[in-house]
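Chemist: Take a look at this one; I'll ask things after.
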Amino acid sequence: MSKRFEEKREAFEILNKELSDLIPLEQRVQKKDKSPHVVDPHAHLPNDPSKSDATGAVPKEWLDEQAALHEKYKLVERVYKFYRNIIQNMSSSIICMDMAGHITFLNANAAKTLEYQVEELLGHPMTDIVAEPGRESKIIDRMLIGNKRFESKEVGLIAKSGAVLPIGFSTAPLIENHEQIGVIITFRDLTEMNLMRKQVERMDRLATLGELATGIAHEVRNPLGGIKTAAQVLEESFEDNDRRLELVSRIVREIDRVNHLLTDFFKFAKPVKPTRDHFDVESLIDGVYLLLAAQMNSKKIRFKEDFSSTLPKVYADPHQTEQVLMNIILNAVQAMPQGGDIIVRTYTTTVGESKSMIHHTDEFFDKNIPFVAIEISDTGVGIPQENIEKIFNPFYTTKPDGMGLGLSICNRLLTENNGNLHVESAVGKGTKFVIMLPTR
Ligand SMILES: Nc1ncnc2c1ncn2[C@@H]1O[C@H](COP(=O)(O)OP(=O)(O)OP(=O)(O)O)[C@@H](O)[C@H]1O
Ligand SMILES: [Mg+2]
C-alpha cells in the first residue's frame, strides 16, 4: 500500500470516529479558589493563564467565543451524523474508489456483504476484489472514465472467504470542487435473487410440462380407450379355445400398462393442491424406511435415524411429504450400489437461521416461524459441482432407467407446501439433502 493511501486511510479513520469522541464534551476551567467555572467550549484550549483575569476567571469574550464555537461543532456533528447514518444504514452497499482505482470508502453493508472489516479493504486496489479473470483492470478503467455512469450492470466480486458473489451495480462520478476525484459504486448481492430467478424458471418449465403432459395424456388416453373396448369385443367373439385369444388379452394388458404409465406421469407433472395438516414427520420417515428396508438390506445399506427429541409437528400435506421423502431416500439408495450409510437427522430451525432458504412465498418473510429440517445424508457417489444446478431440472437423469422427474417433483411439492429443498454434495463422499417444512 503506498504512503498516499496510508494517509487517506488514516484520514478516513479519523473521520469515521464519532466527532464527540474527538472533542471533550465539557471543559472545566477552575477559578483560583478552585470552584468550578464551567465553560464547556469543545475547544482544545487548556485553561490559558494569559487569558485569565486577576481572580483566575476567564474573560467573558473568550467564553462567548468558545460557546459560539461549540454551537458550530454541534451543528457539524449533527450534519455529519445525519449523512453518516443514511449511508451506513441503507440497504445498498457502497464502495468509493479514487481515480487510481483504490478503495477509499465502504459502508457497513458493503463490508458485511464482502465479509471484510472496513479497514481491511481501505486503500487496496479495487481490482483485488473483482472476480473477472483478465478483465479486472478493464472493468475498473471503464468505471473511471470521466462522467460515465453504469446502470444495473453485473459483475462478480470476491468475498473474504473466496466465494464469488454475483453483484448488480451502478456507478456515479464522485465530484469535489468541480473535479472528479473518484467513483461511487452502489451494489447489491444478487445471489438470492438469482436463486429465485432460477426457481421461477424451473417452476415455469414444470408448469409448461404439466400442461403438455395433461394434453398428451388426454389425447392418448381417448384412443386407448377405444382400442381397449374394440379388443375386448374381439376377445368375446372368439371361441374359448381360440389361440388368438391370448394375443388379444395381451393387447388389453399392454393398454392397461400404458394407461398406468400415463396416470403416473400425470400425477408427477401436475401434482394436486396440498391438503395441509399437522403431523409428525418422524413416523412418516419410519414408514418410508419400512417400504425400502428390503431393498436397503440387499444392498448392504445401513439406515440410521438421529431424531430431535423435541421436534414440533409440521404443517404440510402428509401424502406429498411422504412422496418427497420416498424420492430422496430412494435416490440415496440408488447412489450407493456398493452399500453405505443413510443418516436421517431432524431438528428445528427458522428461516432466519437457515442460509439456504429461498424466500419464495410471502409467508417466508416471517423469519420467526419455526421450521422442521430433515437432513438426509448418504455416503454415495456424490454429485459433481457442475451438475448440482441441473438435478432439479425435469428429465435430468444420470440413470439408465431414470425419468429425471423425482427431484423436480420434490422441489415443486415442497414449494407448494411452503417448504424448501437444499442440497450439498461432494464427489466420492456423499450427498446431503435438507428438506425444510413449516410448523404452521
Ligand atoms: N443422493 C444422490 N446422490 C448422487 N446423485 C444424486 C442423488 N440424488 C439425485 N442425484 C442425481 O440427480 C439426478 C436427478 O435425480 P431425480 O430424482 O430427479 O431423477 P432420477 O432419480 O434420475 O429419476 P427418477 O427419480 O425420475 O426415477 C439423478 O439422476 C442423479 O444423477
Ligand atoms: Mg430419483
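Each chain of the C-alpha cells is named A, B, ... in the order shown, its residues numbered from 1; ligands are numbered from 1 in display order.
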Show me which residues are within 7 Å of ligand 2 counting only C-alpha atoms and all ligand atoms, and format the list as a compact mmCIF listing (two decimals) with N, CA, C and O atoms, in the first residue's frame.
Modeler:
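Result file is selection_6.txt:
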```txt
# COMPACT_ATOMS: atom_id res chain seq x y z
N ASN A 327 -38.80 -40.19 -2.63
CA ASN A 327 -37.94 -39.87 -3.76
C ASN A 327 -36.50 -39.66 -3.34
O ASN A 327 -35.56 -40.16 -3.97
N ILE A 328 -36.33 -38.90 -2.26
CA ILE A 328 -34.97 -38.53 -1.87
C ILE A 328 -34.23 -39.71 -1.25
O ILE A 328 -33.05 -39.95 -1.53
N LEU A 330 -34.89 -42.84 -1.86
CA LEU A 330 -34.65 -43.78 -2.96
C LEU A 330 -33.43 -43.36 -3.78
O LEU A 330 -32.60 -44.18 -4.15
N ASN A 331 -33.31 -42.06 -4.02
CA ASN A 331 -32.12 -41.55 -4.73
C ASN A 331 -30.86 -41.91 -3.97
O ASN A 331 -29.85 -42.28 -4.55
N GLY A 402 -33.77 -44.03 -15.31
CA GLY A 402 -34.40 -42.92 -14.57
C GLY A 402 -35.26 -42.06 -15.48
O GLY A 402 -35.03 -42.00 -16.68
N GLY A 404 -35.80 -38.84 -14.33
CA GLY A 404 -35.29 -37.49 -14.04
C GLY A 404 -36.38 -36.57 -13.54
O GLY A 404 -36.28 -35.35 -13.64
N LEU A 405 -37.42 -37.18 -12.97
CA LEU A 405 -38.53 -36.33 -12.50
C LEU A 405 -38.57 -36.22 -10.98
O LEU A 405 -39.15 -35.29 -10.43
N GLY A 406 -37.93 -37.19 -10.31
CA GLY A 406 -38.03 -37.26 -8.84
C GLY A 406 -37.80 -35.93 -8.14
O GLY A 406 -38.67 -35.41 -7.43
N LEU A 407 -36.62 -35.32 -8.37
CA LEU A 407 -36.27 -34.12 -7.61
C LEU A 407 -37.06 -32.89 -8.06
O LEU A 407 -37.38 -32.03 -7.25
```
Chemist: Would you please give, as a PyMOL selection string, all residues of segment 329-409 of chain A that DSSP assigns to helix (DSSP H, G or I) based on the backbone?
Modeler: chain A and resi 329-334+362-365+385-388+390-392+406-409
Chemist: Excluding same-chain residues fewer than 5 positions from Val423 of chain A, what lies within 10 Å of it counting only C-alpha atoms, as a VMD selection string?
Modeler: chain A and resid 356 375 to 377 383 388 to 389 391 431 to 435
Chemist: Quick one: residues within 10 Å of segment 287-291 of chain A, only C-alpha atoms counted, chain neighbours fewer than 2 positions away excluded, as a ChimeraX atom specification?
Modeler: /A:281-285,293-296,303,322-323,325-327,329-330
Chemist: Would you export the selected residues with all heavy atoms as a tab-separated table (two decimals), in the first residue's frame, please?
Modeler:
```tsv
chain	number	residue	atom	x	y	z
A	281	VAL	N	-43.49	-35.81	11.49
A	281	VAL	CA	-42.72	-36.17	10.31
A	281	VAL	C	-41.87	-37.44	10.55
A	281	VAL	O	-41.55	-38.18	9.63
A	281	VAL	CB	-41.87	-34.96	9.87
A	281	VAL	CG1	-40.55	-34.92	10.58
A	281	VAL	CG2	-41.70	-34.94	8.38
A	282	GLU	N	-41.56	-37.68	11.83
A	282	GLU	CA	-40.67	-38.81	12.12
A	282	GLU	C	-41.34	-40.16	11.87
A	282	GLU	O	-40.71	-41.11	11.39
A	282	GLU	CB	-40.12	-38.68	13.54
A	282	GLU	CG	-39.18	-37.48	13.58
A	282	GLU	CD	-38.68	-37.10	14.95
A	282	GLU	OE1	-39.32	-37.49	15.95
A	282	GLU	OE2	-37.65	-36.41	15.02
A	283	SER	N	-42.66	-40.24	12.17
A	283	SER	CA	-43.31	-41.52	11.91
A	283	SER	C	-43.44	-41.74	10.40
A	283	SER	O	-43.45	-42.88	9.92
A	283	SER	CB	-44.68	-41.60	12.60
A	283	SER	OG	-45.42	-40.46	12.31
A	284	LEU	N	-43.51	-40.60	9.66
A	284	LEU	CA	-43.56	-40.71	8.20
A	284	LEU	C	-42.23	-41.29	7.67
A	284	LEU	O	-42.23	-42.13	6.77
A	284	LEU	CB	-43.79	-39.31	7.61
A	284	LEU	CG	-44.65	-39.21	6.38
A	284	LEU	CD1	-46.05	-39.71	6.67
A	284	LEU	CD2	-44.71	-37.76	5.90
A	285	ILE	N	-41.13	-40.82	8.27
A	285	ILE	CA	-39.80	-41.32	7.85
A	285	ILE	C	-39.71	-42.82	8.15
A	285	ILE	O	-39.24	-43.60	7.31
A	285	ILE	CB	-38.68	-40.54	8.58
A	285	ILE	CG1	-38.74	-39.05	8.19
A	285	ILE	CG2	-37.30	-41.13	8.24
A	285	ILE	CD1	-37.88	-38.14	9.03
A	293	ALA	N	-36.87	-50.98	3.27
A	293	ALA	CA	-35.93	-51.76	4.10
A	293	ALA	C	-35.35	-52.97	3.35
A	293	ALA	O	-34.14	-53.21	3.40
A	293	ALA	CB	-36.63	-52.21	5.38
A	294	ALA	N	-36.22	-53.69	2.63
A	294	ALA	CA	-35.75	-54.90	1.95
A	294	ALA	C	-34.67	-54.53	0.92
A	294	ALA	O	-33.60	-55.15	0.86
A	294	ALA	CB	-36.92	-55.59	1.27
A	295	GLN	N	-34.95	-53.47	0.16
A	295	GLN	CA	-34.00	-53.02	-0.85
A	295	GLN	C	-32.67	-52.59	-0.23
A	295	GLN	O	-31.60	-52.88	-0.74
A	295	GLN	CB	-34.62	-51.84	-1.61
A	295	GLN	CG	-34.23	-51.81	-3.05
A	295	GLN	CD	-34.80	-50.59	-3.75
A	295	GLN	OE1	-34.05	-49.78	-4.24
A	295	GLN	NE2	-36.12	-50.49	-3.80
A	296	MET	N	-32.78	-51.91	0.92
A	296	MET	CA	-31.56	-51.44	1.60
A	296	MET	C	-30.76	-52.63	2.10
A	296	MET	O	-29.53	-52.67	1.94
A	296	MET	CB	-31.92	-50.54	2.78
A	296	MET	CG	-32.43	-49.18	2.36
A	296	MET	SD	-32.61	-48.13	3.80
A	296	MET	CE	-33.71	-46.88	3.19
A	303	PHE	N	-29.27	-47.87	7.68
A	303	PHE	CA	-30.15	-46.70	7.81
A	303	PHE	C	-30.14	-46.25	9.27
A	303	PHE	O	-30.47	-47.02	10.17
A	303	PHE	CB	-31.57	-47.12	7.38
A	303	PHE	CG	-32.53	-45.97	7.31
A	303	PHE	CD1	-32.57	-45.13	6.21
A	303	PHE	CD2	-33.42	-45.73	8.37
A	303	PHE	CE1	-33.47	-44.07	6.15
A	303	PHE	CE2	-34.33	-44.67	8.30
A	303	PHE	CZ	-34.35	-43.85	7.19
A	322	GLU	N	-44.61	-37.49	2.15
A	322	GLU	CA	-44.15	-38.88	2.05
A	322	GLU	C	-43.52	-39.13	0.67
A	322	GLU	O	-42.48	-39.77	0.56
A	322	GLU	CB	-45.32	-39.83	2.29
A	322	GLU	CG	-44.88	-41.27	2.33
A	322	GLU	CD	-46.02	-42.20	2.67
A	322	GLU	OE1	-47.19	-41.83	2.43
A	322	GLU	OE2	-45.74	-43.30	3.18
A	323	GLN	N	-44.17	-38.58	-0.34
A	323	GLN	CA	-43.66	-38.72	-1.71
A	323	GLN	C	-42.25	-38.12	-1.84
A	323	GLN	O	-41.37	-38.70	-2.46
A	323	GLN	CB	-44.63	-38.00	-2.65
A	323	GLN	CG	-44.61	-38.51	-4.07
A	323	GLN	CD	-45.60	-37.72	-4.94
A	323	GLN	OE1	-46.59	-37.15	-4.45
A	323	GLN	NE2	-45.33	-37.66	-6.21
A	325	LEU	N	-40.06	-37.62	0.68
A	325	LEU	CA	-39.11	-38.44	1.44
A	325	LEU	C	-38.73	-39.69	0.66
A	325	LEU	O	-37.57	-40.09	0.59
A	325	LEU	CB	-39.73	-38.84	2.78
A	325	LEU	CG	-39.85	-37.71	3.80
A	325	LEU	CD1	-40.76	-38.12	4.95
A	325	LEU	CD2	-38.47	-37.33	4.33
A	326	MET	N	-39.74	-40.29	0.06
A	326	MET	CA	-39.56	-41.50	-0.71
A	326	MET	C	-38.57	-41.26	-1.86
A	326	MET	O	-37.60	-42.01	-2.03
A	326	MET	CB	-40.92	-41.92	-1.27
A	326	MET	CG	-40.92	-43.22	-1.97
A	326	MET	SD	-40.83	-44.51	-0.72
A	326	MET	CE	-40.79	-45.92	-1.77
A	327	ASN	N	-38.80	-40.19	-2.63
A	327	ASN	CA	-37.94	-39.87	-3.76
A	327	ASN	C	-36.50	-39.66	-3.34
A	327	ASN	O	-35.56	-40.16	-3.97
A	327	ASN	CB	-38.42	-38.59	-4.45
A	327	ASN	CG	-39.48	-38.88	-5.50
A	327	ASN	OD1	-39.37	-39.86	-6.22
A	327	ASN	ND2	-40.50	-38.05	-5.56
A	329	ILE	N	-34.96	-40.49	-0.43
A	329	ILE	CA	-34.29	-41.65	0.18
A	329	ILE	C	-33.99	-42.70	-0.90
A	329	ILE	O	-32.93	-43.33	-0.89
A	329	ILE	CB	-35.14	-42.22	1.34
A	329	ILE	CG1	-35.24	-41.15	2.45
A	329	ILE	CG2	-34.50	-43.49	1.90
A	329	ILE	CD1	-36.10	-41.53	3.63
A	330	LEU	N	-34.89	-42.84	-1.86
A	330	LEU	CA	-34.65	-43.78	-2.96
A	330	LEU	C	-33.43	-43.36	-3.78
A	330	LEU	O	-32.60	-44.18	-4.15
A	330	LEU	CB	-35.90	-43.85	-3.85
A	330	LEU	CG	-35.95	-45.02	-4.82
A	330	LEU	CD1	-35.95	-46.34	-4.08
A	330	LEU	CD2	-37.19	-44.94	-5.70
```
Chemist: Between A:Val183, A:Ile369, A:Ala332, A:Met436, single out the one closest to ligand 1, counting only C-alpha atoms and all ligand atoms.
Modeler: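 Of A:Val183, A:Ile369, A:Ala332, A:Met436, the one nearest ligand 1 is A:Ala332, counting only C-alpha atoms and all ligand atoms.
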Chemist: Between atom CA of Ala131 of chain A and atom CA of Ile158 of chain A, what distance in Å does the model show, to one decimal?
Modeler: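 Interatomic distance, atom CA of Ala131 of chain A to atom CA of Ile158 of chain A: 5.7 Å.
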Chemist: As an MDAnalysis selection string, list the residues of segment 170-312 of chain A assigned to strand (DSSP E or B) by DSSP on the backbone atoms of this structure.
Modeler: chainID A and resid 170:176 179:189 277:279 301:306
Chemist: Between atom CA of Ile342 of chain A and atom CA of Leu292 of chain A, what is the spacing in Å?
Modeler: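 Between atom CA of Leu292 of chain A and atom CA of Ile342 of chain A the gap is 11.9 Å.
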Chemist: What separation in Å, quoted to one decimal, exists between atom CA of Arg250 of chain A and atom CA of Pro400 of chain A?
Modeler: 26.8 Å
Chemist: Can you pull out every residue within 7 Å of segment 212-229 of chain A, counting only C-alpha atoms, but drop anything in the same chain fewer than 6 positions away, and send it as a PyMOL selection string?
Modeler: chain A and resi 252+255+259+262+266+269
Chemist: Determine, counting only C-alpha atoms, which protein, DNA and RNA residues have an atom within 12 Å of an atom of Glu154 of chain A; residues of the same chain fewer than 3 positions away are not included. Present the result as an MDAnalysis selection string.
Modeler: chainID A and resid 130:132 139 150:151 157 165:171 185:191 194
Chemist: Taking only C-alpha atoms into account, which of A:Ser425, A:Asp256, A:Gly340, A:Glu201 comes nearest Asn297 of chain A?
Modeler: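 When distances to Asn297 of chain A are compared using only C-alpha atoms, the smallest one comes from A:Gly340.
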Chemist: My list of candidates is A:His102, A:His124, A:Arg412, A:Lys160. Which is closest to ligand 1 when distances are computed with only C-alpha atoms and all ligand atoms?
Modeler: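 Ranked by minimum distance to ligand 1, first place goes to A:Arg412.
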Chemist: Tell me which of A:Asn418, A:Ile129, A:Met336, A:Ala373 sits closest to ligand 1, counting only C-alpha atoms and all ligand atoms.
Modeler: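 Ranking A:Asn418, A:Ile129, A:Met336, A:Ala373 by distance to ligand 1, first place goes to A:Met336.
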